[in-house]
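Q: My structure is in entry14.cif, and what it holds is mmCIF, C-alpha atoms:
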```cif
data_protein
#
loop_
_atom_site.label_atom_id
_atom_site.label_comp_id
_atom_site.auth_asym_id
_atom_site.auth_seq_id
_atom_site.Cartn_x
_atom_site.Cartn_y
_atom_site.Cartn_z
CA MET Z 1 76.20 143.35 127.80
CA ASN Z 2 78.24 146.55 127.77
CA ARG Z 3 81.00 147.36 125.31
CA ARG Z 4 83.78 146.44 127.75
CA GLN Z 5 82.28 143.00 128.37
CA PHE Z 6 81.82 142.46 124.65
CA LEU Z 7 85.47 143.32 123.91
CA ILE Z 8 86.73 141.07 126.69
CA GLY Z 9 84.54 138.23 125.39
CA ALA Z 10 85.67 138.75 121.81
CA ILE Z 11 89.36 138.81 122.84
CA GLY Z 12 88.87 135.70 124.93
CA ALA Z 13 87.18 133.88 122.07
CA GLY Z 14 89.97 134.98 119.74
CA LEU Z 15 92.64 133.65 122.09
CA VAL Z 16 90.84 130.33 122.45
CA THR Z 17 90.55 130.04 118.67
CA THR Z 18 94.21 130.93 118.26
CA PHE Z 19 95.35 128.22 120.65
CA LEU Z 20 93.00 125.70 119.09
CA LEU Z 21 94.52 126.40 115.66
CA LYS Z 22 98.09 126.44 116.94
CA PRO Z 23 99.96 123.33 115.64
CA SER Z 24 100.92 120.74 118.23
CA ASP Z 25 104.36 119.22 118.52
CA SER Z 26 104.37 116.12 116.30
CA GLY Z 27 108.07 115.26 116.46
CA ALA Z 28 109.68 112.00 117.55
CA SER Z 29 113.00 110.23 117.16
CA TYR Z 30 113.68 107.27 114.87
CA SER Z 31 111.76 104.06 115.51
CA PRO Z 32 114.08 101.07 116.16
CA TYR Z 33 113.65 99.95 112.54
CA PHE Z 34 114.80 103.27 111.05
CA LYS Z 35 117.48 103.70 113.72
CA GLU Z 36 119.10 100.45 112.57
CA LEU Z 37 118.68 101.40 108.92
CA ASN Z 38 120.25 104.81 109.51
CA ASP Z 39 123.20 103.23 111.33
CA GLU Z 40 123.78 100.89 108.38
CA LEU Z 41 123.59 103.70 105.83
CA MET Z 42 125.95 105.88 107.86
CA GLU Z 43 128.48 103.05 107.87
CA ASN Z 44 128.00 101.52 104.39
CA GLY Z 45 125.67 103.79 102.42
CA PRO Z 46 126.46 105.88 99.35
CA TYR Z 47 125.66 109.21 101.08
CA LYS Z 48 123.37 110.35 98.29
CA PRO Z 49 119.61 110.07 97.74
CA SER Z 50 118.87 106.36 97.36
CA MET Z 51 115.89 104.07 96.99
CA VAL Z 52 115.96 101.36 99.64
CA VAL Z 53 114.01 98.12 99.14
CA ASP Z 54 113.48 95.91 102.18
CA LEU Z 55 113.63 92.33 100.87
CA ASP Z 56 112.31 90.84 104.12
CA ARG Z 57 109.15 92.91 103.91
CA MET Z 58 108.80 92.40 100.17
CA ASN Z 59 109.15 88.62 100.51
CA ARG Z 60 106.41 88.66 103.11
CA ASN Z 61 104.21 90.63 100.70
CA ILE Z 62 104.89 88.10 97.94
CA GLN Z 63 103.76 85.24 100.15
CA HIS Z 64 100.66 87.16 101.20
CA LEU Z 65 99.80 87.79 97.55
CA LEU Z 66 100.13 84.09 96.73
CA GLN Z 67 98.20 82.95 99.82
CA GLY Z 68 94.84 81.49 98.89
CA LEU Z 69 95.49 81.88 95.17
CA SER Z 70 93.62 79.33 93.05
CA PRO Z 71 95.89 76.97 91.05
CA ASP Z 72 94.00 78.18 87.98
CA LEU Z 73 94.95 81.81 88.63
CA HIS Z 74 98.49 82.64 87.51
CA TYR Z 75 100.44 85.61 88.85
CA ARG Z 76 101.94 88.12 86.40
CA ILE Z 77 104.46 90.68 87.70
CA VAL Z 78 103.96 94.30 86.60
CA ALA Z 79 107.46 95.37 85.55
CA LYS Z 80 106.82 99.14 85.53
CA SER Z 81 106.14 99.05 89.26
CA LEU Z 82 109.33 97.10 90.00
CA PRO Z 83 111.73 98.47 87.35
CA SER Z 84 114.93 96.57 88.06
CA PRO Z 85 116.08 93.33 86.36
CA GLU Z 86 117.45 91.90 89.61
CA LEU Z 87 114.31 92.91 91.49
CA LEU Z 88 112.14 91.22 88.87
CA GLY Z 89 114.34 88.14 88.89
CA HIS Z 90 114.10 87.93 92.67
CA ILE Z 91 110.31 88.15 92.60
CA MET Z 92 110.03 85.66 89.72
CA LYS Z 93 111.99 83.16 91.80
CA GLU Z 94 110.11 83.82 95.05
CA ALA Z 95 106.69 83.74 93.35
CA GLU Z 96 107.61 80.90 90.97
CA THR Z 97 106.34 82.72 87.89
CA ASN Z 98 107.81 83.69 84.51
CA ARG Z 99 104.93 86.00 83.61
CA LEU Z 100 105.62 89.72 83.21
CA MET Z 101 103.54 92.72 82.17
CA VAL Z 102 105.52 95.47 80.40
CA PHE Z 103 104.53 99.05 79.54
CA HIS Z 104 107.65 100.52 77.93
CA GLN Z 105 109.45 99.49 74.72
CA PRO Z 106 113.02 99.86 76.10
CA PHE Z 107 112.00 97.74 79.10
CA LEU Z 108 110.55 95.16 76.71
CA SER Z 109 113.79 94.96 74.74
CA HIS Z 110 115.82 94.58 77.94
CA ILE Z 111 113.50 91.94 79.39
CA ALA Z 112 113.54 89.88 76.18
CA GLU Z 113 117.32 89.74 76.50
CA LYS Z 114 117.53 89.34 80.27
CA PHE Z 115 114.69 86.82 80.77
CA PRO Z 116 114.64 84.53 77.72
CA LYS Z 117 112.08 82.19 79.31
CA SER Z 118 109.61 84.90 80.30
CA ASP Z 119 106.02 85.20 79.13
CA VAL Z 120 105.36 88.87 78.37
CA LEU Z 121 102.07 90.74 77.99
CA LEU Z 122 102.03 94.41 77.02
CA GLY Z 123 100.04 96.39 79.57
CA LYS Z 124 99.00 99.13 77.16
CA PRO Z 125 98.58 99.45 73.38
CA MET Z 126 101.90 100.54 71.88
CA PRO Z 127 102.30 102.78 68.82
CA ILE Z 128 103.12 100.72 65.75
CA LYS Z 129 106.47 102.51 65.54
CA SER Z 130 107.34 101.19 68.99
CA ALA Z 131 106.70 97.66 67.76
CA GLU Z 132 108.88 98.35 64.72
CA ILE Z 133 111.70 99.59 66.96
CA PHE Z 134 111.47 96.47 69.11
CA TYR Z 135 111.76 94.10 66.14
CA SER Z 136 114.49 96.14 64.44
CA SER Z 137 116.70 95.92 67.53
CA PHE Z 138 115.71 92.43 68.62
CA SER Z 139 118.23 89.62 68.55
CA ASN Z 140 117.10 86.08 69.32
CA SER Z 141 120.53 85.19 70.66
CA SER Z 142 119.00 84.90 74.14
CA GLY Z 143 116.43 82.38 72.96
CA PHE Z 144 113.40 84.61 73.53
CA ASP Z 145 110.78 83.90 70.83
CA PRO Z 146 108.35 86.83 70.41
CA SER Z 147 105.97 84.74 68.30
CA ARG Z 148 105.33 82.49 71.32
CA GLN Z 149 106.31 84.54 74.37
CA LEU Z 150 105.05 88.05 73.61
CA GLN Z 151 101.50 89.41 73.45
CA TRP Z 152 100.92 92.87 72.00
CA LEU Z 153 97.82 94.69 73.26
CA ILE Z 154 95.16 95.73 70.75
CA ASP Z 155 92.44 98.24 71.62
CA ASP Z 156 90.63 98.73 68.29
CA ARG Z 157 90.36 97.53 64.69
CA GLU Z 158 92.67 100.24 63.29
CA ARG Z 159 95.55 99.23 65.51
CA LEU Z 160 95.02 95.55 64.72
CA VAL Z 161 95.26 96.30 60.99
CA GLN Z 162 98.52 98.18 61.61
CA TYR Z 163 99.97 95.19 63.44
CA ARG Z 164 98.81 92.81 60.72
CA GLU Z 165 100.58 94.92 58.09
CA LEU Z 166 103.77 95.02 60.17
CA ALA Z 167 103.66 91.23 60.56
CA ARG Z 168 103.28 90.85 56.81
CA GLU Z 169 106.12 93.27 56.12
CA LEU Z 170 108.50 91.55 58.54
CA GLU Z 171 107.19 88.07 57.67
CA ILE Z 172 106.63 87.22 61.31
CA LYS Z 173 103.77 86.03 63.48
CA MET Z 174 102.47 88.31 66.21
CA ARG Z 175 100.41 87.25 69.21
CA VAL Z 176 97.84 89.85 70.20
CA SER Z 177 95.58 90.25 73.20
CA ILE Z 178 92.51 92.44 73.08
CA GLU Z 179 91.92 95.17 75.64
CA ILE Z 180 88.35 95.35 76.89
CA ASP Z 181 86.76 98.13 78.93
CA ILE Z 182 85.18 96.61 82.04
CA GLY Z 183 84.31 99.93 83.67
CA LEU Z 184 87.50 101.99 83.91
CA HIS Z 185 86.78 103.79 80.60
CA ARG Z 186 90.44 104.28 79.72
CA GLY Z 187 90.26 102.58 76.35
CA GLY Z 188 89.60 99.16 74.91
CA LEU Z 189 86.49 97.62 73.41
CA GLN Z 190 83.32 99.04 74.92
CA SER Z 191 80.98 96.22 73.94
CA PRO Z 192 81.14 92.57 72.82
CA ASP Z 193 79.58 93.79 69.55
CA GLU Z 194 82.95 95.37 68.68
CA LEU Z 195 84.80 92.08 69.11
CA ALA Z 196 83.72 90.10 66.04
CA PRO Z 197 85.48 92.33 63.44
CA LEU Z 198 88.78 91.93 65.31
CA LEU Z 199 88.45 88.18 65.70
CA ASP Z 200 87.59 87.86 62.01
CA ILE Z 201 90.83 89.63 61.06
CA ILE Z 202 92.90 87.47 63.40
CA LEU Z 203 91.35 84.20 62.22
CA ALA Z 204 91.71 85.23 58.55
CA ASN Z 205 95.48 85.69 58.99
CA PRO Z 206 96.68 82.61 60.89
CA ASP Z 207 100.20 82.88 59.48
CA ARG Z 208 100.62 86.45 60.79
CA LEU Z 209 98.29 86.87 63.79
CA GLU Z 210 97.32 84.74 66.77
CA LEU Z 211 94.86 85.54 69.54
CA GLY Z 212 96.66 85.50 72.86
CA GLY Z 213 93.70 86.45 75.00
CA PHE Z 214 92.05 89.44 76.68
CA MET Z 215 92.98 92.11 79.21
CA GLY Z 216 90.53 94.00 81.41
CA TYR Z 217 91.86 96.35 84.10
CA ASP Z 218 89.59 97.17 87.06
CA PRO Z 219 91.20 99.43 89.72
CA HIS Z 220 88.18 101.71 89.63
CA VAL Z 221 86.07 99.20 91.56
CA VAL Z 222 87.80 100.00 94.87
CA LYS Z 223 88.16 103.73 94.21
CA LEU Z 224 84.54 104.65 93.60
CA PRO Z 225 82.87 106.57 96.46
CA LYS Z 226 80.79 104.12 98.47
CA ILE Z 227 77.82 106.43 98.15
CA VAL Z 228 77.97 105.82 94.37
CA LYS Z 229 78.61 102.07 94.40
CA SER Z 230 80.16 99.52 96.74
CA ALA Z 231 83.38 97.81 95.73
CA GLU Z 232 81.61 94.47 95.73
CA GLN Z 233 78.89 95.73 93.40
CA ALA Z 234 81.34 97.44 91.05
CA TYR Z 235 83.49 94.31 90.98
CA ALA Z 236 80.52 92.08 90.17
CA GLU Z 237 79.54 94.39 87.31
CA SER Z 238 83.08 94.41 85.91
CA GLN Z 239 83.13 90.61 85.99
CA GLN Z 240 79.81 90.44 84.16
CA ILE Z 241 81.15 92.71 81.42
CA TYR Z 242 84.28 90.57 81.06
CA GLN Z 243 82.16 87.41 80.93
CA GLY Z 244 80.01 88.97 78.19
CA PHE Z 245 83.03 89.10 75.86
CA LEU Z 246 83.89 85.48 76.64
CA ASP Z 247 80.30 84.39 76.04
CA LEU Z 248 80.39 85.91 72.55
CA VAL Z 249 83.55 83.92 71.78
CA LYS Z 250 81.94 80.70 73.01
CA ILE Z 251 78.81 81.22 70.93
CA GLN Z 252 80.14 82.72 67.70
CA TYR Z 253 83.69 81.32 67.58
CA PRO Z 254 83.61 77.76 68.95
CA GLN Z 255 86.92 77.06 67.17
CA ILE Z 256 88.65 79.31 69.75
CA ASP Z 257 89.55 77.39 72.91
CA ILE Z 258 89.00 79.89 75.74
CA ALA Z 259 90.79 77.58 78.18
CA GLU Z 260 93.99 78.14 76.19
CA LEU Z 261 93.71 81.94 76.23
CA CYS Z 262 95.37 84.39 78.62
CA LEU Z 263 92.49 86.10 80.44
CA ASN Z 264 94.31 88.91 82.21
CA GLY Z 265 92.96 91.31 84.78
CA ALA Z 266 93.21 92.69 88.32
CA GLY Z 267 95.99 94.97 89.56
CA SER Z 268 97.28 95.63 93.07
CA PRO Z 269 94.09 97.37 94.32
CA THR Z 270 91.81 94.45 93.41
CA ILE Z 271 93.87 91.27 93.88
CA ALA Z 272 91.98 90.47 97.09
CA LEU Z 273 88.68 90.47 95.20
CA HIS Z 274 89.96 88.20 92.44
CA LYS Z 275 91.13 85.61 94.96
CA LYS Z 276 87.52 84.93 95.91
CA GLU Z 277 85.88 84.43 92.54
CA THR Z 278 86.97 85.60 89.10
CA VAL Z 279 86.58 84.99 85.39
CA ILE Z 280 90.27 85.66 84.74
CA ASN Z 281 93.12 83.14 84.83
CA ASP Z 282 96.01 85.64 84.77
CA MET Z 283 96.32 88.20 87.58
CA SER Z 284 98.64 91.23 87.38
CA ALA Z 285 100.11 93.11 90.34
CA GLY Z 286 103.33 94.88 91.19
CA SER Z 287 103.05 97.93 93.43
CA CYS Z 288 101.59 95.99 96.35
CA LEU Z 289 104.91 94.18 96.79
CA VAL Z 290 106.67 97.42 97.80
CA LYS Z 291 103.47 99.24 98.84
CA PRO Z 292 104.02 102.96 98.19
CA VAL Z 293 101.73 105.55 99.81
CA ASP Z 294 99.11 105.55 97.03
CA PHE Z 295 98.39 101.91 97.88
CA ASP Z 296 97.41 102.49 101.49
CA ILE Z 297 93.92 101.16 100.80
CA ASP Z 298 91.57 98.76 102.56
CA THR Z 299 92.17 95.84 100.19
CA LEU Z 300 95.94 95.95 100.85
CA GLN Z 301 95.90 96.31 104.64
CA GLU Z 302 97.93 93.13 105.14
CA PHE Z 303 100.80 94.34 102.93
CA LEU Z 304 103.80 96.14 104.41
CA PRO Z 305 105.61 99.21 103.06
CA ALA Z 306 108.88 97.87 101.65
CA SER Z 307 110.49 100.83 99.88
CA TYR Z 308 111.90 104.10 101.18
CA ILE Z 309 113.89 107.04 99.91
CA ALA Z 310 116.89 107.61 102.17
CA THR Z 311 118.79 110.89 101.91
CA PRO Z 312 121.48 112.47 104.12
CA VAL Z 313 121.11 115.64 106.16
CA LEU Z 314 123.58 118.21 104.81
CA LYS Z 315 123.01 121.12 107.21
CA LYS Z 316 121.25 121.73 110.50
CA ALA Z 317 120.06 124.91 112.24
CA ASP Z 318 118.34 125.50 115.57
CA SER Z 319 115.32 127.20 114.01
CA MET Z 320 113.71 128.12 110.72
CA THR Z 321 114.71 131.51 109.33
CA ILE Z 322 112.93 132.88 106.25
CA PRO Z 323 114.90 135.25 103.97
CA SER Z 324 113.78 138.89 104.53
CA LEU Z 325 111.58 137.74 107.43
CA GLU Z 326 114.36 137.21 109.96
CA SER Z 327 112.61 139.35 112.57
CA LEU Z 328 109.65 136.96 112.58
CA LYS Z 329 111.75 133.91 113.44
CA GLY Z 330 110.72 133.93 117.09
CA VAL Z 331 107.03 134.30 116.29
CA LEU Z 332 107.10 131.52 113.69
CA ASN Z 333 108.93 129.16 116.01
CA TRP Z 334 106.53 129.96 118.85
CA TRP Z 335 103.49 129.47 116.66
CA ASP Z 336 104.60 126.14 115.21
CA PRO Z 337 106.86 124.02 117.46
CA ASN Z 338 107.57 121.85 114.41
CA THR Z 339 109.78 124.62 113.01
CA ARG Z 340 112.22 124.77 115.93
CA GLN Z 341 114.83 122.79 114.01
CA SER Z 342 115.76 123.14 110.34
CA PHE Z 343 117.48 120.57 108.16
CA PHE Z 344 118.65 120.86 104.58
CA ILE Z 345 118.60 117.43 102.96
CA TYR Z 346 120.42 116.13 99.89
CA GLY Z 347 117.91 116.52 97.03
CA GLY Z 348 114.18 116.90 97.39
CA LYS Z 349 110.82 117.57 95.77
CA TRP Z 350 110.12 113.88 95.23
CA MET Z 351 106.68 112.31 94.95
CA ALA Z 352 106.96 111.05 98.50
CA LYS Z 353 105.82 111.46 102.10
CA TYR Z 354 108.18 112.08 105.03
CA GLU Z 355 108.27 108.91 107.10
CA SER Z 356 111.07 109.08 109.68
CA PRO Z 357 111.93 110.75 111.95
CA VAL Z 358 108.25 111.42 112.55
CA GLY Z 359 107.11 115.04 112.34
CA LEU Z 360 109.37 116.37 109.61
CA GLN Z 361 107.65 118.78 107.24
CA GLU Z 362 108.43 121.08 104.34
CA SER Z 363 108.09 124.82 104.82
CA GLY Z 364 105.47 126.51 102.69
CA LEU Z 365 107.14 129.84 103.42
CA TYR Z 366 110.64 128.80 102.37
CA GLY Z 367 109.67 126.88 99.22
CA THR Z 368 110.83 123.64 97.64
CA SER Z 369 114.08 122.55 96.03
CA THR Z 370 115.28 119.53 94.07
CA ASN Z 371 118.82 120.28 95.25
CA GLN Z 372 118.70 121.10 98.99
CA GLN Z 373 115.19 120.82 100.40
CA LEU Z 374 114.50 122.55 103.71
CA VAL Z 375 112.56 120.42 106.18
CA THR Z 376 111.71 121.42 109.72
CA GLY Z 377 110.94 119.56 112.89
CA SER Z 378 110.38 119.99 116.60
CA GLY Z 379 113.01 119.85 119.30
CA LYS Z 380 112.00 116.23 119.98
CA ILE Z 381 113.62 115.09 116.74
CA ASP Z 382 117.11 113.74 117.35
CA LEU Z 383 118.66 114.23 113.92
CA ASP Z 384 122.12 115.45 113.00
CA VAL Z 385 124.26 116.16 109.95
CA ASP Z 386 124.99 112.92 108.03
CA ASP Z 387 121.97 111.17 109.54
CA HIS Z 388 119.35 110.10 107.01
CA VAL Z 389 115.81 111.29 106.43
CA PHE Z 390 113.44 108.57 105.19
CA LEU Z 391 110.47 109.11 102.88
CA ARG Z 392 107.87 106.73 101.44
CA PRO Z 393 107.36 107.13 97.70
CA ASN Z 394 103.82 107.87 96.56
CA GLN Z 395 104.29 105.39 93.72
CA SER Z 396 107.09 103.10 92.59
CA GLU Z 397 106.97 103.09 88.79
CA PHE Z 398 108.35 106.62 88.27
CA VAL Z 399 110.04 107.36 91.59
CA PHE Z 400 112.22 104.22 91.52
CA LEU Z 401 113.81 105.43 88.28
CA GLN Z 402 115.17 108.63 89.86
CA PHE Z 403 117.89 107.14 92.05
CA GLY Z 404 120.06 104.80 90.02
CA ASP Z 405 120.87 101.48 91.68
CA LEU Z 406 118.38 100.26 94.29
CA LEU Z 407 119.83 99.53 97.72
CA THR Z 408 118.40 96.19 98.85
CA VAL Z 409 118.46 95.35 102.56
CA LYS Z 410 117.79 92.33 104.77
CA ASP Z 411 117.62 92.73 108.55
CA GLN Z 412 118.38 96.43 107.92
CA LYS Z 413 121.74 95.52 106.36
CA ILE Z 414 122.67 96.36 102.75
CA VAL Z 415 122.92 93.16 100.72
CA GLY Z 416 122.85 94.45 97.15
CA ARG Z 417 122.94 97.34 94.73
CA TRP Z 418 120.56 96.47 91.91
CA PRO Z 419 120.50 98.54 88.68
CA ILE Z 420 117.24 99.81 87.27
CA LEU Z 421 115.88 98.84 83.84
CA LYS Z 422 117.33 100.60 80.83
CA GLN Z 423 115.19 103.47 79.61
#
```
As structure tokens, what does this structure read like?
A:
Amino acid sequence: MNRRQFLIGAIGAGLVTTFLLKPSDSGASYSPYFKELNDELMENGPYKPSMVVDLDRMNRNIQHLLQGLSPDLHYRIVAKSLPSPELLGHIMKEAETNRLMVFHQPFLSHIAEKFPKSDVLLGKPMPIKSAEIFYSSFSNSSGFDPSRQLQWLIDDRERLVQYRELARELEIKMRVSIEIDIGLHRGGLQSPDELAPLLDIILANPDRLELGGFMGYDPHVVKLPKIVKSAEQAYAESQQIYQGFLDLVKIQYPQIDIAELCLNGAGSPTIALHKKETVINDMSAGSCLVKPVDFDIDTLQEFLPASYIATPVLKKADSMTIPSLESLKGVLNWWDPNTRQSFFIYGGKWMAKYESPVGLQESGLYGTSTNQQLVTGSGKIDLDVDDHVFLRPNQSEFVFLQFGDLLTVKDQKIVGRWPILKQ
């Protein structure tokens, strides 16, 4: 091969590589669902970034969660994933449960007032000062009785002693559940051998402490690489560990009636596994009901996304222009057809994925903004000023709190504006 042939071959290969790497046009207009939702928001929306919750889809998710659930397995709603009193009340009614799991002291105080008949389990061990703040601000005017309806979570002997001393100081009785590590390794008792000292303290102080039960969280079982361990194997091992703690209670503390205890576990990623066979009697889940992006996993395939960020388009341009790189506009737009339209949206930089219209993307060259985010799209996207861009949140527990009142919709029509929990 001579030099001329080599150069022609190299140029040809380079051109082929260039066109193979060149982005394809991924744009599309609204689907019928988002077209109807956009029409409703343009007519009745607040014209600011809003969190939209589709009650039709969420109700379907609730029924799917309850389908096939054993009568012995009670459903507990995770409040941090659904942080709105009206949203929680709606789910409690639809799911016919009064059980809530709470992770935040201000939420706990609000829930004790708002839901006086609720049964509350703390989802994480709280600093003793947080417990003090709760009791100092608590008023039993609603009828909520913490000594019967609230379980504090204990993860070691030192924390249990702190709670015992607070109960003595306030002359109250505190129900406590014990966190056990069933494979996640995020805290809790590592071995049944660590359990006896805690049970001894609880049983020695019946006027101040009462054992509510146990809590073992297991989302790791569906997140391990399959090459390391299958979900079924990891789940079986987590169940064996949980059962080991219960066996110790049966053998060494026959005076404790395990059937009367709250044996909490699961979480959205593993609810499908616990429906088949489980040692727990109290199953927690929340995120699956609105299904943010992080919960697009195999065990939740039957659940529908039910929450979206909706934000108006403020400005529109025919193409993307980068400051100080104006001369490259034509090249950039040729290279990536998904930059042939530019839109500045109201707000931005959320933990979320662009959902509709399909093909919208942020520009790595232009940068991000929490005030007016630039997004680009192809010429196929039919989007104008005052239309809405829709995003799916990556998670619900933090993102829901960024927008004020939730917009609830049925049949793509706004039916409510539900405030979030007090922080």
Q: Might you pull out every residue within 6 Å of range 401-405 of chain Z, with all atoms listed in the file counted and same-chain residues fewer than 3 positions away left off, and present them as a ChimeraX atom specification?
A: /Z:50,398,417-420
Q: Have a look at Z:Leu153, Z:Ala236, Z:Ala310, Z:Leu421 and name the one nearest to His274 in chain Z; count all atoms listed in the file.
A: Z:Ala236
Q: Which residues come within 7 Å of Phe214 in chain Z, counting all atoms listed in the file, excluding same-chain residues fewer than 3 positions away, as a VMD selection string?
A: chain Z and resid 177 to 180 262 to 264
Q: Output C-alpha atoms for every residue in the selection just made, as a CSV table (one decimal), keeping the file's coordinate frame.
A:
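The resulting file, selection_31.csv, is reproduced below:
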```csv
chain,number,residue,atom,x,y,z
Z,177,SER,CA,95.6,90.2,73.2
Z,178,ILE,CA,92.5,92.4,73.1
Z,179,GLU,CA,91.9,95.2,75.6
Z,180,ILE,CA,88.4,95.4,76.9
Z,262,CYS,CA,95.4,84.4,78.6
Z,263,LEU,CA,92.5,86.1,80.4
Z,264,ASN,CA,94.3,88.9,82.2
```
Q: Convert the output of the PyMOL selection byres ((chain Z and resi 111-126) around 9) on the shown file into explicit residues, formatted as a PyMOL selection string.
A: chain Z and resi 76+78+85+89+97-110+127-131+138-146+148-155+159+176-177+179+215+421
Q: Between CA of Val385 in chain Z and CA of Val53 in chain Z, what is the distance in Å, rounded to a tenth?
A: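 If I compute the distance from CA of Val385 in chain Z to CA of Val53 in chain Z, I get 23.4 Å.
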Q: Quick check, in Å to one decimal: how far apart do CA of Ser230 in chain Z and CA of Asp296 in chain Z lie?
A: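 It comes out at 18.1 Å.
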Q: Tell me which protein, DNA and RNA residues are within 10 Å of Leu203 in chain Z, counting all atoms listed in the file, leaving out same-chain ones fewer than 5 positions away, and put them as a ChimeraX atom specification.
A: /Z:198,208-211,253,255-256
Q: Using the chain letters and numbering of this document, enumerate as a count of residues only the residues selected by the PyMOL selection byres ((chain Z and resi 303-308) around 9).
A: 33
Q: Quote the spacing between CA of Val358 in chain Z and CA of Ser26 in chain Z in Å to one decimal place.
A: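 CA of Ser26 in chain Z lies at a distance of 7.2 Å from CA of Val358 in chain Z.
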Q: Output as AutoDock Vina command-line options the centre and edge lengths (Å, one decimal) of the box along x, y and z of the file that holds every listed atom of range 285-303 of chain Z after adding 3 Å on each side.
A:
```
--center_x 99.1 --center_y 99.3 --center_z 97.7 --size_x 21.1 --size_y 18.4 --size_z 20.8
```
